[in-house]
Amino acid sequence: MLDKPLASFHLVLASAGLLVALGLMMVLSSSSVYAYQNNDDAYYYLKRQAVFLVVGLIAAFVVTRMSRSMLQVVGWLALFVSAALLILTYTPLGVTVNGNQNWLELGSPMLRLQPSEFAKLAMIVWAADVLARKDKLLDQPKHLLIPFLPVTGLMIMLVVFQGDAGTAVVMAGIVAGVLWIVGAPMRIFASIGVLGIAGVVVLFISSPNRMTRLFAFLNPAADTAGANLQSTVAMRGIASGGWWGVGLGASRQKWGSLPEAHTDFIFAVIGEELGLFGSLAVLGLFLVLGYAGLRIAARSDDRFSRYLAAGVTSWFMVQALINLGVVLRLLPIAGVPLPLLSYGGSALMANVIAVGVLVFCARNEPAARKLLSKAPKPVRPEMTTVVDGRGRKRNTGR
């Protein structure tokens, strides 16, 4: 099956589609109690998530039908627009949520946008275009790193100063993934790694909240009603799920015990309600999606598609690993949603559009491109002129 020309295409659609479908189901399950208590509508968050999904699917479909040149232009425009939106978060339009000023309010609390989610995708498309154009010069560090590193570094710093360290780490992971697929030498990775570690240390030291989370992570038994509340309740929920779970919709922790149950900690509800089987199914779907992305990057004869696929795959895999690491108490709490599964309009739309980018790359694999170019096109019926009894002419298909 994997030797079929459209195998990568089907792997991406199947894995991403199942993750989104499971996400809708679990958003309803994990948010119904909270939604009814706060909005008098148990389906409040599901309805909003469905609207965001529809918008994302429309945009993703448009992306899959774009030409390479059009997508390259869109990448540049998206980079400038997302950078402008990130800057606007520092103005009175910016809204602080959970200590991070990373939201824009567009006239109403119901219309909030998180620019950093779209900045990830814009950064990937722009970087793929720049690096593809400079492909024959990438063996020279100055061409490899400039303007790629300064521009992506600026985008990351705009997110860092919002207070959103988790998203900044994800964006740094995207940069590393793209550099890896380009073939950057290890000395560059070592230098960036040292700078990254130093940056993370500064982020923790400069924030009392992050230091509290770090100490809580290092001592899981301390402050289980405060800094360790989410981790403790999440692990309790996963442990109570057993092999097959307590049943869909039967989570006990979502009844007020687990904060952010439908966003950052949705995997804990999956583990509780669907058990080890459901948890492994989620991990398996992410592995399939990651494999498909790397397969597309490896099989692409077009550098632009290769770097696009590598960037999107790095994004999904790094962010999923961070979220799962937090929920499973392997990492300090970072405030990063689980791609395609967690509730969040900006995140879901950006994720679905990124899947559209992967589909675009899959359709551009050599074998897939050859097959699609031979696909029969609709044949228009041959027109003929007929004269009726009154001498009037009309065209008709034969």
# chains A, B, ... in the order shown; residues from 1 in each chain; ligands from 1

call {"tool": "residues_around", "arguments": {"residues": "Leu121 in chain A", "least_positions_apart": "6", "cutoff": "10 Å", "atoms": "only C-alpha atoms", "output": "count of residues only"}}
result
16

call {"tool": "residues_around", "arguments": {"residues": "Val169 in chain A", "least_positions_apart": "3", "cutoff": "10 Å", "atoms": "only C-alpha atoms", "output": "list of chain:residue names"}}
result
A:Ile156, A:Val159, A:Val160, A:Asp164, A:Ala165, A:Gly166, A:Ala172, A:Gly173, A:Ile174, A:Val175, A:Gly196, A:Gly199, A:Val200, A:Val318, A:Gln319, A:Ile322, A:Ala334, A:Val336

call {"tool": "write_last_selection", "arguments": {"atoms": "N, CA and C atoms", "output": "PDB file, in the first residue's frame"}}
result
ATOM      1  N   ILE A 156      10.204  34.776  17.269  1.00  0.00           N
ATOM      2  CA  ILE A 156      10.229  34.072  18.554  1.00  0.00           C
ATOM      3  C   ILE A 156      10.321  35.063  19.709  1.00  0.00           C
ATOM      4  N   VAL A 159       7.092  36.597  20.660  1.00  0.00           N
ATOM      5  CA  VAL A 159       6.273  35.682  21.464  1.00  0.00           C
ATOM      6  C   VAL A 159       6.813  35.582  22.891  1.00  0.00           C
ATOM      7  N   VAL A 160       8.127  35.576  23.032  1.00  0.00           N
ATOM      8  CA  VAL A 160       8.738  35.493  24.365  1.00  0.00           C
ATOM      9  C   VAL A 160       8.303  36.665  25.231  1.00  0.00           C
ATOM     10  N   ASP A 164       4.742  34.021  26.658  1.00  0.00           N
ATOM     11  CA  ASP A 164       4.346  32.674  26.227  1.00  0.00           C
ATOM     12  C   ASP A 164       5.588  31.839  25.903  1.00  0.00           C
ATOM     13  N   ALA A 165       6.233  31.324  26.938  1.00  0.00           N
ATOM     14  CA  ALA A 165       7.472  30.566  26.743  1.00  0.00           C
ATOM     15  C   ALA A 165       7.223  29.247  26.023  1.00  0.00           C
ATOM     16  N   GLY A 166       6.089  28.606  26.278  1.00  0.00           N
ATOM     17  CA  GLY A 166       5.797  27.327  25.645  1.00  0.00           C
ATOM     18  C   GLY A 166       5.725  27.434  24.135  1.00  0.00           C
ATOM     19  N   ALA A 172      10.966  27.499  18.263  1.00  0.00           N
ATOM     20  CA  ALA A 172      12.386  27.147  18.184  1.00  0.00           C
ATOM     21  C   ALA A 172      12.562  25.722  17.665  1.00  0.00           C
ATOM     22  N   GLY A 173      11.658  24.832  18.049  1.00  0.00           N
ATOM     23  CA  GLY A 173      11.700  23.462  17.532  1.00  0.00           C
ATOM     24  C   GLY A 173      11.460  23.416  16.030  1.00  0.00           C
ATOM     25  N   ILE A 174      10.583  24.284  15.537  1.00  0.00           N
ATOM     26  CA  ILE A 174      10.340  24.362  14.098  1.00  0.00           C
ATOM     27  C   ILE A 174      11.611  24.791  13.373  1.00  0.00           C
ATOM     28  N   VAL A 175      12.278  25.806  13.918  1.00  0.00           N
ATOM     29  CA  VAL A 175      13.531  26.290  13.323  1.00  0.00           C
ATOM     30  C   VAL A 175      14.552  25.156  13.269  1.00  0.00           C
ATOM     31  N   GLY A 196      19.836  28.385  23.004  1.00  0.00           N
ATOM     32  CA  GLY A 196      18.494  28.009  23.429  1.00  0.00           C
ATOM     33  C   GLY A 196      18.425  27.661  24.907  1.00  0.00           C
ATOM     34  N   GLY A 199      18.660  30.755  26.857  1.00  0.00           N
ATOM     35  CA  GLY A 199      17.400  31.483  26.800  1.00  0.00           C
ATOM     36  C   GLY A 199      16.350  30.904  27.726  1.00  0.00           C
ATOM     37  N   VAL A 200      16.271  29.572  27.777  1.00  0.00           N
ATOM     38  CA  VAL A 200      15.302  28.919  28.669  1.00  0.00           C
ATOM     39  C   VAL A 200      15.619  29.224  30.127  1.00  0.00           C
ATOM     40  N   VAL A 318       6.860  18.393  17.725  1.00  0.00           N
ATOM     41  CA  VAL A 318       7.430  19.073  18.900  1.00  0.00           C
ATOM     42  C   VAL A 318       6.321  19.506  19.849  1.00  0.00           C
ATOM     43  N   GLN A 319       5.264  20.092  19.309  1.00  0.00           N
ATOM     44  CA  GLN A 319       4.185  20.576  20.176  1.00  0.00           C
ATOM     45  C   GLN A 319       3.454  19.416  20.847  1.00  0.00           C
ATOM     46  N   ILE A 322       5.653  18.119  23.700  1.00  0.00           N
ATOM     47  CA  ILE A 322       5.641  19.004  24.872  1.00  0.00           C
ATOM     48  C   ILE A 322       4.342  18.851  25.637  1.00  0.00           C
ATOM     49  N   ALA A 334       3.640  23.949  30.622  1.00  0.00           N
ATOM     50  CA  ALA A 334       4.096  24.900  29.610  1.00  0.00           C
ATOM     51  C   ALA A 334       2.958  25.642  28.917  1.00  0.00           C
ATOM     52  N   VAL A 336       0.825  24.549  26.474  1.00  0.00           N
ATOM     53  CA  VAL A 336       0.834  24.277  25.037  1.00  0.00           C
ATOM     54  C   VAL A 336      -0.292  23.290  24.724  1.00  0.00           C
TER      55      VAL A 336
END

call {"tool": "closest_residue", "arguments": {"among": "A:Ala59, A:Leu372, A:Leu86, A:Leu149", "to": "Ile188 in chain A", "atoms": "only C-alpha atoms"}}
result
A:Leu149

call {"tool": "closest_atom_pairs", "arguments": {"of": "range 278-367 of chain A", "to": "range 210-222 of chain A", "cutoff": "10 Å", "atoms": "only C-alpha atoms", "output": "JSON lines"}}
result
{"residue": "A:Val326", "atom": "CA", "partner": "A:Phe217", "partner_atom": "CA", "distance": 9.5}
{"residue": "A:Arg329", "atom": "CA", "partner": "A:Phe217", "partner_atom": "CA", "distance": 7.4}
{"residue": "A:Leu330", "atom": "CA", "partner": "A:Phe217", "partner_atom": "CA", "distance": 8.3}
{"residue": "A:Leu331", "atom": "CA", "partner": "A:Phe217", "partner_atom": "CA", "distance": 7.2}
{"residue": "A:Pro332", "atom": "CA", "partner": "A:Phe217", "partner_atom": "CA", "distance": 5.4}
{"residue": "A:Ile333", "atom": "CA", "partner": "A:Arg213", "partner_atom": "CA", "distance": 6.5}
{"residue": "A:Ala334", "atom": "CA", "partner": "A:Arg210", "partner_atom": "CA", "distance": 8.8}

call {"tool": "residues_around", "arguments": {"residues": "Ser373 in chain A", "least_positions_apart": "6", "cutoff": "12 Å", "atoms": "only C-alpha atoms", "output": "MDAnalysis selection string"}}
result
chainID A and resid 363:367

call {"tool": "select_by_dssp", "arguments": {"residues": "range 165-316 of chain A", "states": "helix (DSSP H, G or I)", "output": "NGL selection string"}}
result
:A and (165-182 or 186-205 or 208-218 or 229-241 or 266-299 or 303-316)

call {"tool": "closest_atom_pairs", "arguments": {"of": "range 194-311 of chain A", "to": "range 38-46 of chain A", "cutoff": "12 Å", "atoms": "only C-alpha atoms", "output": "Markdown table"}}
result
| residue | atom | partner | partner_atom | distance |
| --- | --- | --- | --- | --- |
| A:Gly256 | CA | A:Asn38 | CA | 11.7 |
| A:His262 | CA | A:Tyr45 | CA | 8.9 |
| A:Thr263 | CA | A:Tyr45 | CA | 10.6 |

call {"tool": "write_last_selection", "arguments": {"atoms": "N, CA and C atoms", "output": "PDB file, in the first residue's frame"}}
result
ATOM      1  N   GLY A 256     -14.727  19.925  37.561  1.00  0.00           N
ATOM      2  CA  GLY A 256     -14.149  21.017  38.332  1.00  0.00           C
ATOM      3  C   GLY A 256     -12.800  20.727  38.941  1.00  0.00           C
ATOM      4  N   HIS A 262     -10.384  20.911  28.768  1.00  0.00           N
ATOM      5  CA  HIS A 262     -10.694  20.831  27.339  1.00  0.00           C
ATOM      6  C   HIS A 262      -9.625  21.484  26.466  1.00  0.00           C
ATOM      7  N   THR A 263      -8.603  22.062  27.083  1.00  0.00           N
ATOM      8  CA  THR A 263      -7.545  22.704  26.298  1.00  0.00           C
ATOM      9  C   THR A 263      -6.224  21.953  26.486  1.00  0.00           C
TER      10      THR A 263
END

call {"tool": "atom_distance", "arguments": {"atom1": "CA of Val33 in chain A", "atom2": "CA of Ala268 in chain A"}}
result
15.8 Å

call {"tool": "atom_distance", "arguments": {"atom1": "CA of Val178 in chain A", "atom2": "CA of Ala310 in chain A"}}
result
6.0 Å

call {"tool": "closest_residue", "arguments": {"among": "A:Leu289, A:Ile58, A:Asn209, A:Gly183", "to": "Gln140 in chain A", "atoms": "only C-alpha atoms"}}
result
A:Gly183

call {"tool": "residues_around", "arguments": {"residues": "Leu2 in chain A", "least_positions_apart": "6", "cutoff": "12 Å", "atoms": "only C-alpha atoms", "output": "list in words"}}
result
Ser8, Phe9, His10, Leu11, Tyr291, Ala292, Arg295 and Ile296 of chain A

call {"tool": "residues_around", "arguments": {"residues": "range 297-303 of chain A", "least_positions_apart": "6", "cutoff": "9 Å", "atoms": "only C-alpha atoms", "output": "compact mmCIF listing (two decimals) with C-alpha atoms, in the first residue's frame"}}
result
# COMPACT_ATOMS: atom_id res chain seq x y z
CA ALA A 128 10.66 27.22 2.93
CA ASP A 129 10.54 29.78 0.13
CA LEU A 131 15.75 28.44 1.71
CA ALA A 132 14.51 26.87 -1.53
CA ARG A 133 15.56 29.94 -3.50
CA ASP A 135 19.39 26.06 -2.22
CA ILE A 181 16.15 18.79 6.87
CA ALA A 309 6.70 19.34 4.92
CA ALA A 310 9.64 19.28 7.33
CA CYS A 361 3.19 18.82 -0.53
CA ALA A 362 1.87 15.24 -0.79
CA ASN A 364 3.46 17.43 -5.32
CA GLU A 365 5.43 14.22 -4.78
CA PRO A 366 6.87 13.08 -8.14

call {"tool": "residues_around", "arguments": {"residues": "Leu93 in chain A", "least_positions_apart": "5", "cutoff": "8 Å", "atoms": "only C-alpha atoms", "output": "tab-separated table (two decimals) with C-alpha atoms, in the first residue's frame"}}
result
chain	number	residue	atom	x	y	z
A	88	LEU	CA	-0.54	44.65	18.18
A	104	LEU	CA	-6.02	40.17	20.37
A	105	GLU	CA	-9.61	41.16	21.09
A	106	LEU	CA	-11.44	42.19	17.93

call {"tool": "residues_around", "arguments": {"residues": "Ser342 in chain A", "least_positions_apart": "6", "cutoff": "9 Å", "atoms": "only C-alpha atoms", "output": "list in words"}}
result
Gly23, Leu24, Met26, Val27, His262, Thr263, Asp264, Phe265, Ile266, Phe267 and Leu348 of chain A

call {"tool": "atom_distance", "arguments": {"atom1": "CA of Pro259 in chain A", "atom2": "CA of Gln37 in chain A"}}
result
13.9 Å
